[in-house]
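Participant: Provided herewith: query14.csv, CSV, C-alpha atoms and all ligand atoms.
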```csv
chain,number,residue,atom,x,y,z
A,1,ARG,CA,-14.7,-22.1,12.4
A,2,PRO,CA,-12.4,-19.2,12.4
A,3,GLY,CA,-11.2,-18.2,15.9
A,4,PRO,CA,-11.5,-14.6,17.2
A,5,GLU,CA,-8.1,-13.6,15.9
A,6,GLU,CA,-8.8,-15.0,12.4
A,7,SER,CA,-9.9,-11.6,11.2
A,8,GLY,CA,-7.2,-9.7,13.1
A,9,VAL,CA,-3.8,-8.7,11.8
A,10,ALA,CA,-0.5,-8.8,13.6
A,11,VAL,CA,2.2,-6.4,12.7
A,12,ILE,CA,5.8,-7.1,13.7
A,13,GLY,CA,8.2,-4.2,13.9
A,14,LEU,CA,6.9,-0.8,14.8
A,15,GLY,CA,9.4,1.4,12.9
A,16,ARG,CA,7.9,4.1,10.7
A,17,PHE,CA,6.5,1.6,8.2
A,18,GLY,CA,5.1,-0.8,10.7
A,19,TRP,CA,3.5,2.1,12.6
A,20,HIS,CA,1.7,3.4,9.5
A,21,VAL,CA,0.5,0.0,8.6
A,22,SER,CA,-0.8,-0.6,12.1
A,23,GLN,CA,-2.4,2.8,12.3
A,24,SER,CA,-4.1,2.4,8.9
A,25,LEU,CA,-5.4,-1.1,9.8
A,26,THR,CA,-6.8,0.3,13.0
A,27,ALA,CA,-8.5,3.1,11.2
A,28,LEU,CA,-10.0,0.5,8.8
A,29,GLY,CA,-11.6,-1.1,11.8
A,30,TYR,CA,-9.2,-4.1,12.2
A,31,ASP,CA,-8.0,-5.3,15.5
A,32,VAL,CA,-4.2,-5.1,15.4
A,33,LEU,CA,-1.7,-6.8,17.5
A,34,ALA,CA,1.6,-4.9,17.2
A,35,VAL,CA,4.8,-6.5,18.3
A,36,ASP,CA,8.2,-4.9,18.8
A,37,GLU,CA,11.3,-6.0,20.7
A,38,ASN,CA,12.2,-2.6,21.8
A,39,PRO,CA,10.5,-1.6,25.1
A,40,ARG,CA,10.8,2.1,24.3
A,41,ILE,CA,9.0,1.7,21.0
A,42,VAL,CA,6.3,-0.4,22.8
A,43,GLN,CA,5.9,2.3,25.4
A,44,ARG,CA,5.7,5.0,22.8
A,45,TRP,CA,2.8,3.5,20.8
A,46,SER,CA,0.9,1.8,23.7
A,47,ASP,CA,-1.7,4.5,24.0
A,48,GLN,CA,-2.2,4.9,20.2
A,49,LEU,CA,-2.8,1.2,19.4
A,50,SER,CA,-5.1,-1.1,21.2
A,51,ARG,CA,-2.6,-4.0,21.7
A,52,VAL,CA,1.2,-3.4,21.6
A,53,VAL,CA,3.4,-6.1,23.1
A,54,GLN,CA,7.2,-6.4,23.6
A,55,ALA,CA,8.7,-9.6,22.2
A,56,ASP,CA,11.6,-10.8,20.1
A,57,ALA,CA,9.7,-12.2,17.1
A,58,THR,CA,12.5,-14.4,15.9
A,59,ASP,CA,11.7,-16.5,18.9
A,60,GLU,CA,9.1,-19.1,17.9
A,61,LYS,CA,8.1,-19.8,21.5
A,62,ALA,CA,7.4,-16.2,22.1
A,63,LEU,CA,5.3,-16.1,18.9
A,64,ARG,CA,3.3,-19.1,20.0
A,65,GLN,CA,2.7,-17.5,23.5
A,66,LEU,CA,1.4,-14.4,21.9
A,67,GLY,CA,-1.1,-16.4,20.0
A,68,LEU,CA,0.4,-15.6,16.6
A,69,THR,CA,-0.7,-19.0,15.3
A,70,ASP,CA,-4.3,-17.9,15.5
A,71,PHE,CA,-3.8,-14.9,13.2
A,72,GLY,CA,-4.9,-15.3,9.6
A,73,ARG,CA,-2.5,-12.5,8.5
A,74,VAL,CA,0.8,-11.3,9.9
A,75,VAL,CA,2.9,-8.4,8.5
A,76,VAL,CA,6.6,-8.4,9.0
A,77,ALA,CA,7.5,-4.7,8.9
A,78,ILE,CA,11.1,-4.9,10.0
A,79,GLY,CA,13.4,-3.2,7.4
A,80,ALA,CA,16.8,-2.2,8.9
A,81,SER,CA,17.7,-5.8,9.9
A,82,VAL,CA,17.5,-8.2,7.0
A,83,GLU,CA,18.5,-11.0,9.3
A,84,ALA,CA,15.7,-10.3,11.8
A,85,SER,CA,13.2,-9.9,9.0
A,86,VAL,CA,14.1,-13.2,7.4
A,87,LEU,CA,14.2,-15.1,10.7
A,88,VAL,CA,10.8,-13.8,11.7
A,89,VAL,CA,9.3,-14.8,8.3
A,90,LEU,CA,10.8,-18.2,8.7
A,91,ALA,CA,9.4,-18.6,12.2
A,92,LEU,CA,5.9,-17.5,11.0
A,93,ALA,CA,6.1,-19.9,8.1
A,94,GLU,CA,7.0,-22.7,10.4
A,95,LEU,CA,4.1,-21.9,12.7
A,96,GLY,CA,1.8,-22.2,9.7
A,97,VAL,CA,0.5,-18.6,9.6
A,98,PRO,CA,-1.7,-18.6,6.5
A,99,GLU,CA,-0.8,-15.2,5.0
A,100,ILE,CA,2.6,-13.6,5.6
A,101,TRP,CA,3.2,-10.1,4.3
A,102,ALA,CA,6.8,-9.0,4.4
A,103,ARG,CA,8.6,-5.8,3.8
A,104,ALA,CA,11.8,-5.8,1.7
A,105,THR,CA,14.4,-3.1,1.6
A,106,SER,CA,16.3,-4.4,-1.5
A,107,GLU,CA,15.8,-6.8,-4.4
A,108,LYS,CA,17.9,-9.4,-2.8
A,109,HIS,CA,16.0,-9.1,0.5
A,110,ALA,CA,12.8,-9.5,-1.5
A,111,LYS,CA,14.1,-12.8,-3.1
A,112,ILE,CA,15.1,-14.2,0.3
A,113,LEU,CA,11.7,-13.4,1.9
A,114,ASP,CA,10.0,-15.1,-1.0
A,115,ALA,CA,12.2,-18.1,-0.6
A,116,VAL,CA,11.7,-18.5,3.1
A,117,GLY,CA,7.9,-18.4,2.9
A,118,ALA,CA,6.5,-14.9,2.6
A,119,ASP,CA,3.2,-14.9,0.6
A,120,HIS,CA,3.4,-11.2,-0.3
A,121,VAL,CA,6.5,-9.1,-0.5
A,122,VAL,CA,6.3,-5.3,-0.5
A,123,PHE,CA,9.1,-3.0,-1.2
A,124,PRO,CA,7.8,0.4,-0.2
A,125,GLU,CA,10.9,2.5,-0.9
A,126,ALA,CA,11.1,1.2,-4.4
A,127,ALA,CA,7.4,1.5,-5.1
A,128,THR,CA,7.2,5.0,-3.7
A,129,GLY,CA,10.4,6.2,-5.3
A,130,GLU,CA,9.2,5.1,-8.7
A,131,ARG,CA,5.8,6.7,-8.2
A,132,VAL,CA,7.2,10.0,-7.1
A,133,ALA,CA,9.6,10.0,-10.1
A,134,HIS,CA,6.6,9.7,-12.4
A,135,LEU,CA,4.8,12.4,-10.6
A,136,ILE,CA,7.8,14.8,-10.7
A,137,VAL,CA,8.3,14.5,-14.4
A,138,SER,CA,4.8,14.2,-15.7
A,139,LYS,CA,1.7,16.3,-15.3
A,140,MET,CA,-0.3,13.5,-13.7
A,141,LEU,CA,-1.6,14.5,-10.3
A,142,ASP,CA,-1.6,10.9,-9.0
A,143,PHE,CA,-1.4,7.5,-10.6
A,144,ILE,CA,-1.3,3.8,-10.0
A,145,GLU,CA,0.4,1.4,-12.4
A,146,PHE,CA,-0.7,-2.2,-12.7
A,147,ASP,CA,1.7,-4.8,-14.0
A,148,GLU,CA,3.9,-3.6,-16.8
A,149,ASP,CA,1.8,-1.1,-18.6
A,150,PHE,CA,-1.7,-0.4,-17.4
A,151,ALA,CA,-2.3,2.7,-15.4
A,152,ILE,CA,-5.1,4.7,-13.8
A,153,ALA,CA,-4.3,8.4,-13.2
A,154,LYS,CA,-5.7,11.6,-11.9
A,155,VAL,CA,-5.2,14.5,-14.4
A,156,ARG,CA,-6.5,18.0,-15.0
A,157,ALA,CA,-9.1,18.1,-17.8
A,158,PRO,CA,-7.4,19.2,-21.0
A,159,GLN,CA,-8.6,22.5,-22.3
A,160,ALA,CA,-9.5,20.9,-25.7
A,161,LEU,CA,-12.1,18.7,-24.0
A,162,GLN,CA,-13.8,21.5,-22.1
A,163,GLY,CA,-17.2,23.1,-22.8
A,164,ARG,CA,-19.1,20.3,-24.5
A,165,PRO,CA,-20.5,17.0,-23.5
A,166,ILE,CA,-17.7,14.4,-23.5
A,167,GLY,CA,-20.0,11.9,-25.3
A,168,GLU,CA,-19.4,14.1,-28.4
A,169,ILE,CA,-15.6,13.9,-28.3
A,170,ALA,CA,-14.7,10.2,-28.9
A,171,ILE,CA,-12.0,10.5,-26.3
A,172,SER,CA,-10.9,6.9,-26.3
A,173,ASP,CA,-10.7,6.7,-30.2
A,174,ARG,CA,-8.6,9.9,-30.2
A,175,TYR,CA,-6.4,9.6,-27.2
A,176,GLY,CA,-6.5,5.9,-26.3
A,177,VAL,CA,-7.6,6.5,-22.7
A,178,VAL,CA,-10.9,5.9,-21.1
A,179,VAL,CA,-12.3,8.6,-18.8
A,180,VAL,CA,-14.0,6.9,-15.8
A,181,GLY,CA,-14.6,9.8,-13.4
A,182,ALA,CA,-14.6,13.5,-13.1
A,183,LYS,CA,-14.5,15.9,-10.2
A,184,GLN,CA,-16.1,19.3,-11.1
A,185,PRO,CA,-14.8,22.3,-9.2
A,186,GLY,CA,-16.1,22.2,-5.6
A,187,GLN,CA,-17.6,18.8,-5.9
A,188,LYS,CA,-16.7,15.1,-5.3
A,189,PHE,CA,-15.5,12.6,-7.9
A,190,ARG,CA,-18.4,11.0,-9.8
A,191,TYR,CA,-18.6,8.6,-12.7
A,192,THR,CA,-18.8,10.4,-16.0
A,193,SER,CA,-21.6,10.0,-18.5
A,194,PRO,CA,-21.8,11.1,-22.1
A,195,ASP,CA,-23.5,14.3,-20.9
A,196,THR,CA,-20.6,15.3,-18.6
A,197,VAL,CA,-19.3,18.7,-19.5
A,198,LEU,CA,-15.8,19.6,-18.4
A,199,VAL,CA,-14.9,23.1,-17.3
A,200,PRO,CA,-11.7,24.8,-16.2
A,201,GLY,CA,-10.7,23.2,-12.9
A,202,SER,CA,-12.3,19.8,-13.7
A,203,VAL,CA,-10.2,16.9,-12.7
A,204,LEU,CA,-10.4,13.5,-14.3
A,205,ILE,CA,-9.7,9.8,-13.6
A,206,VAL,CA,-8.5,8.2,-16.7
A,207,GLU,CA,-7.2,4.7,-17.5
A,208,GLY,CA,-4.9,3.4,-20.3
A,209,THR,CA,-1.3,2.5,-20.9
A,210,ILE,CA,1.1,4.5,-18.9
A,211,SER,CA,2.3,6.4,-22.1
A,212,GLN,CA,-1.2,7.1,-23.2
A,213,VAL,CA,-2.2,8.4,-19.8
A,214,GLN,CA,1.0,10.5,-19.6
A,215,ARG,CA,0.4,12.0,-23.1
A,216,PHE,CA,-3.2,12.8,-22.1
A,217,ALA,CA,-1.9,14.6,-19.0
A,218,GLU,CA,0.5,16.6,-21.1
A,219,MET,CA,-2.5,18.1,-23.0
A,220,THR,CA,-3.6,20.2,-20.1
A,301,LIG,P1,11.5,1.8,9.5
A,301,LIG,O1,12.5,1.9,8.4
A,301,LIG,O2,10.1,1.5,9.1
A,301,LIG,O3,11.5,2.9,10.6
A,301,LIG,P2,13.0,-0.2,11.0
A,301,LIG,O4,13.5,-1.4,10.3
A,301,LIG,O5,14.0,0.9,11.4
A,301,LIG,O6,11.8,0.4,10.3
A,301,LIG,O7,12.3,-0.6,12.4
A,301,LIG,C1,12.0,-1.9,12.6
A,301,LIG,C2,11.4,-2.1,14.0
A,301,LIG,O8,11.4,-3.5,14.2
A,301,LIG,C3,12.2,-1.5,15.1
A,301,LIG,O9,11.3,-0.8,16.0
A,301,LIG,C4,12.8,-2.7,15.9
A,301,LIG,O10,12.8,-2.5,17.3
A,301,LIG,C5,11.8,-3.8,15.5
A,301,LIG,N1,12.4,-5.1,15.5
A,301,LIG,C6,13.6,-5.5,14.9
A,301,LIG,N2,13.9,-6.8,15.2
A,301,LIG,C7,12.9,-7.3,15.8
A,301,LIG,C8,12.5,-8.6,16.3
A,301,LIG,N3,13.4,-9.6,16.2
A,301,LIG,N4,11.3,-8.7,17.0
A,301,LIG,C9,10.5,-7.7,17.1
A,301,LIG,N5,10.7,-6.5,16.7
A,301,LIG,C10,11.9,-6.2,16.0
```
Mind turning this structure into structure tokens?
Facilitator:
Amino acid sequence: RPGPEESGVAVIGLGRFGWHVSQSLTALGYDVLAVDENPRIVQRWSDQLSRVVQADATDEKALRQLGLTDFGRVVVAIGASVEASVLVVLALAELGVPEIWARATSEKHAKILDAVGADHVVFPEAATGERVAHLIVSKMLDFIEFDEDFAIAKVRAPQALQGRPIGEIAISDRYGVVVVGAKQPGQKFRYTSPDTVLVPGSVLIVEGTISQVQRFAEMT
């Protein structure tokens, strides 16, 4: 039977990244245990998060005392000190934490984290930098890319598609993308149907390869 902490998440390192992860998990309804070695940081967030404790997370004994062994998921959000981040992941792996998420700040850091036992490595600066680069040079309003080439994007409805039911336009044959949702001016996103009629100001969610989606966004 899972213990009470099984569904909780511990976050180690309350810098900018760790704080945002902790805050978002809290908003999602998860019980977060946040750990930082710096007493000033602990003090700063203690009334914003339900449980913030001061400890050096490279210390296996301290981790055990905090009950970290009972957590199903632990996030190592330390970025600036590669050494601390690696030692914490190693300690968590040795304690047998089932799911270790670790933040990398470089490709090499990512490789080391993987080698010492992180189950998931995230590299927020690289991921966000790449995303923002795409948004700067394309007309996509937002997008997510999966693996090498598949993407889902938010784009303005091209003028050529406005004014008649989209079922009459054969969008996927012509443009290679599939329109999955539309937001009409002043409304929320809804799934599209063949009867959906786009108007100026309609915004779409489309999926396809990144180049197809980008080309489609350029038509607006
Ligand atoms: P960001 O770039 O997200 O602001 P930083 O890497 O600057 O992140 O911050 C990492 C946080 O992790 C700091 O608040 C620091 O005090 C904390 N930290 C660093 N080493 C340890 C450790 N061994 N145990 C617990 N917390 C640590």
Participant: Hey, which residues sit close to ligand LIG 301 (chain A)? Say within 10 Å, counting all atoms listed in the file, and write them as a ChimeraX atom specification.
Facilitator: /A:11-21,34-42,53-59,62-63,76-88,103-105,124-125
Participant: Could the residues in this selection be written to a file with C-alpha atoms, as a PDB file, keeping the file's coordinate frame?
Facilitator:
```pdb
ATOM      1  CA  VAL A  11       2.200  -6.400  12.700  1.00  0.00           C
ATOM      2  CA  ILE A  12       5.800  -7.100  13.700  1.00  0.00           C
ATOM      3  CA  GLY A  13       8.200  -4.200  13.900  1.00  0.00           C
ATOM      4  CA  LEU A  14       6.900  -0.800  14.800  1.00  0.00           C
ATOM      5  CA  GLY A  15       9.400   1.400  12.900  1.00  0.00           C
ATOM      6  CA  ARG A  16       7.900   4.100  10.700  1.00  0.00           C
ATOM      7  CA  PHE A  17       6.500   1.600   8.200  1.00  0.00           C
ATOM      8  CA  GLY A  18       5.100  -0.800  10.700  1.00  0.00           C
ATOM      9  CA  TRP A  19       3.500   2.100  12.600  1.00  0.00           C
ATOM     10  CA  HIS A  20       1.700   3.400   9.500  1.00  0.00           C
ATOM     11  CA  VAL A  21       0.500   0.000   8.600  1.00  0.00           C
ATOM     12  CA  ALA A  34       1.600  -4.900  17.200  1.00  0.00           C
ATOM     13  CA  VAL A  35       4.800  -6.500  18.300  1.00  0.00           C
ATOM     14  CA  ASP A  36       8.200  -4.900  18.800  1.00  0.00           C
ATOM     15  CA  GLU A  37      11.300  -6.000  20.700  1.00  0.00           C
ATOM     16  CA  ASN A  38      12.200  -2.600  21.800  1.00  0.00           C
ATOM     17  CA  PRO A  39      10.500  -1.600  25.100  1.00  0.00           C
ATOM     18  CA  ARG A  40      10.800   2.100  24.300  1.00  0.00           C
ATOM     19  CA  ILE A  41       9.000   1.700  21.000  1.00  0.00           C
ATOM     20  CA  VAL A  42       6.300  -0.400  22.800  1.00  0.00           C
ATOM     21  CA  VAL A  53       3.400  -6.100  23.100  1.00  0.00           C
ATOM     22  CA  GLN A  54       7.200  -6.400  23.600  1.00  0.00           C
ATOM     23  CA  ALA A  55       8.700  -9.600  22.200  1.00  0.00           C
ATOM     24  CA  ASP A  56      11.600 -10.800  20.100  1.00  0.00           C
ATOM     25  CA  ALA A  57       9.700 -12.200  17.100  1.00  0.00           C
ATOM     26  CA  THR A  58      12.500 -14.400  15.900  1.00  0.00           C
ATOM     27  CA  ASP A  59      11.700 -16.500  18.900  1.00  0.00           C
ATOM     28  CA  ALA A  62       7.400 -16.200  22.100  1.00  0.00           C
ATOM     29  CA  LEU A  63       5.300 -16.100  18.900  1.00  0.00           C
ATOM     30  CA  VAL A  76       6.600  -8.400   9.000  1.00  0.00           C
ATOM     31  CA  ALA A  77       7.500  -4.700   8.900  1.00  0.00           C
ATOM     32  CA  ILE A  78      11.100  -4.900  10.000  1.00  0.00           C
ATOM     33  CA  GLY A  79      13.400  -3.200   7.400  1.00  0.00           C
ATOM     34  CA  ALA A  80      16.800  -2.200   8.900  1.00  0.00           C
ATOM     35  CA  SER A  81      17.700  -5.800   9.900  1.00  0.00           C
ATOM     36  CA  VAL A  82      17.500  -8.200   7.000  1.00  0.00           C
ATOM     37  CA  GLU A  83      18.500 -11.000   9.300  1.00  0.00           C
ATOM     38  CA  ALA A  84      15.700 -10.300  11.800  1.00  0.00           C
ATOM     39  CA  SER A  85      13.200  -9.900   9.000  1.00  0.00           C
ATOM     40  CA  VAL A  86      14.100 -13.200   7.400  1.00  0.00           C
ATOM     41  CA  LEU A  87      14.200 -15.100  10.700  1.00  0.00           C
ATOM     42  CA  VAL A  88      10.800 -13.800  11.700  1.00  0.00           C
ATOM     43  CA  ARG A 103       8.600  -5.800   3.800  1.00  0.00           C
ATOM     44  CA  ALA A 104      11.800  -5.800   1.700  1.00  0.00           C
ATOM     45  CA  THR A 105      14.400  -3.100   1.600  1.00  0.00           C
ATOM     46  CA  PRO A 124       7.800   0.400  -0.200  1.00  0.00           C
ATOM     47  CA  GLU A 125      10.900   2.500  -0.900  1.00  0.00           C
TER      48      GLU A 125
END
```
Participant: Interatomic distance between atom CA of A:Leu141 and atom CA of A:Thr220?
Facilitator: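 These atoms are spaced 11.5 Å apart.
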Participant: Env of A:Pro185: 10 Å cut, atoms = all atoms listed in the file, seq-sep filter 3 positions within chain, self excluded. Answer as a PyMOL selection string.
Facilitator: chain A and resi 182+188-189+198-203
Participant: So, counting all atoms listed in the file, which residue among A:Glu168, A:Ala151, A:Ile144, A:Gly163 is closest to A:Gln212?
Facilitator: A:Ala151
Participant: As a PyMOL selection string, please: the residues near A:Asp173 (cut-off 12 Å, all atoms listed in the file, same-chain neighbours under 6 positions excluded).
Facilitator: chain A and resi 167+179+208+212
Participant: For a test of reading the model, state the distance in Å between atom CA of A:Glu60 and atom CA of A:Ser46, rounded to one decimal.
Facilitator: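 About the pair atom CA of A:Glu60 and atom CA of A:Ser46: they are 23.2 Å apart.
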Participant: In Å, with one decimal, what is the gap from atom CA of A:Arg73 to atom CA of A:Ala127?
Facilitator: 21.9 Å
Participant: Using only C-alpha atoms, determine which residues lie at most 12 Å from A:Ala115, disregarding the query and same-chain residues fewer than 6 positions distant; provide the list as a PDB file with C-alpha atoms, keeping the file's coordinate frame.
Facilitator:
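Now in result14.pdb:
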```pdb
ATOM      1  CA  VAL A  86      14.100 -13.200   7.400  1.00  0.00           C
ATOM      2  CA  LEU A  87      14.200 -15.100  10.700  1.00  0.00           C
ATOM      3  CA  VAL A  89       9.300 -14.800   8.300  1.00  0.00           C
ATOM      4  CA  LEU A  90      10.800 -18.200   8.700  1.00  0.00           C
ATOM      5  CA  ALA A  93       6.100 -19.900   8.100  1.00  0.00           C
ATOM      6  CA  ALA A 102       6.800  -9.000   4.400  1.00  0.00           C
ATOM      7  CA  LYS A 108      17.900  -9.400  -2.800  1.00  0.00           C
ATOM      8  CA  HIS A 109      16.000  -9.100   0.500  1.00  0.00           C
ATOM      9  CA  VAL A 121       6.500  -9.100  -0.500  1.00  0.00           C
TER      10      VAL A 121
END
```
Participant: Calculated over all atoms listed in the file, which of the candidates A:Phe216, A:Phe146, A:Tyr191, A:Trp101 has the smallest distance to A:Ala160?
Facilitator: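 Of A:Phe216, A:Phe146, A:Tyr191, A:Trp101, the one nearest A:Ala160, counting all atoms listed in the file, is A:Phe216.
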Participant: Taking into account only C-alpha atoms, which residue in the set A:Ala133, A:Val75, A:Arg64, A:Thr69 is nearest to A:Val32?
Facilitator: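 With only C-alpha atoms as the atom set, the closest residue is A:Val75.
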Participant: Find the residue from A:Ala10, A:Val213, A:Ile136, A:Met219 that sits nearest to A:Asp31; use all atoms listed in the file when measuring.
Facilitator: A:Ala10
Participant: Which residues are near A:Gly29? Cut-off 12 Å, only C-alpha atoms, ignore same chain within fewer than 6 positions. Put them as a PyMOL selection string.
Facilitator: chain A and resi 7-9+22-23+49-50
Participant: Ranking A:Val197, A:Val52, A:Val97, A:Leu204 by minimum distance to A:Leu68 and counting all atoms listed in the file, which one comes first?
Facilitator: A:Val97
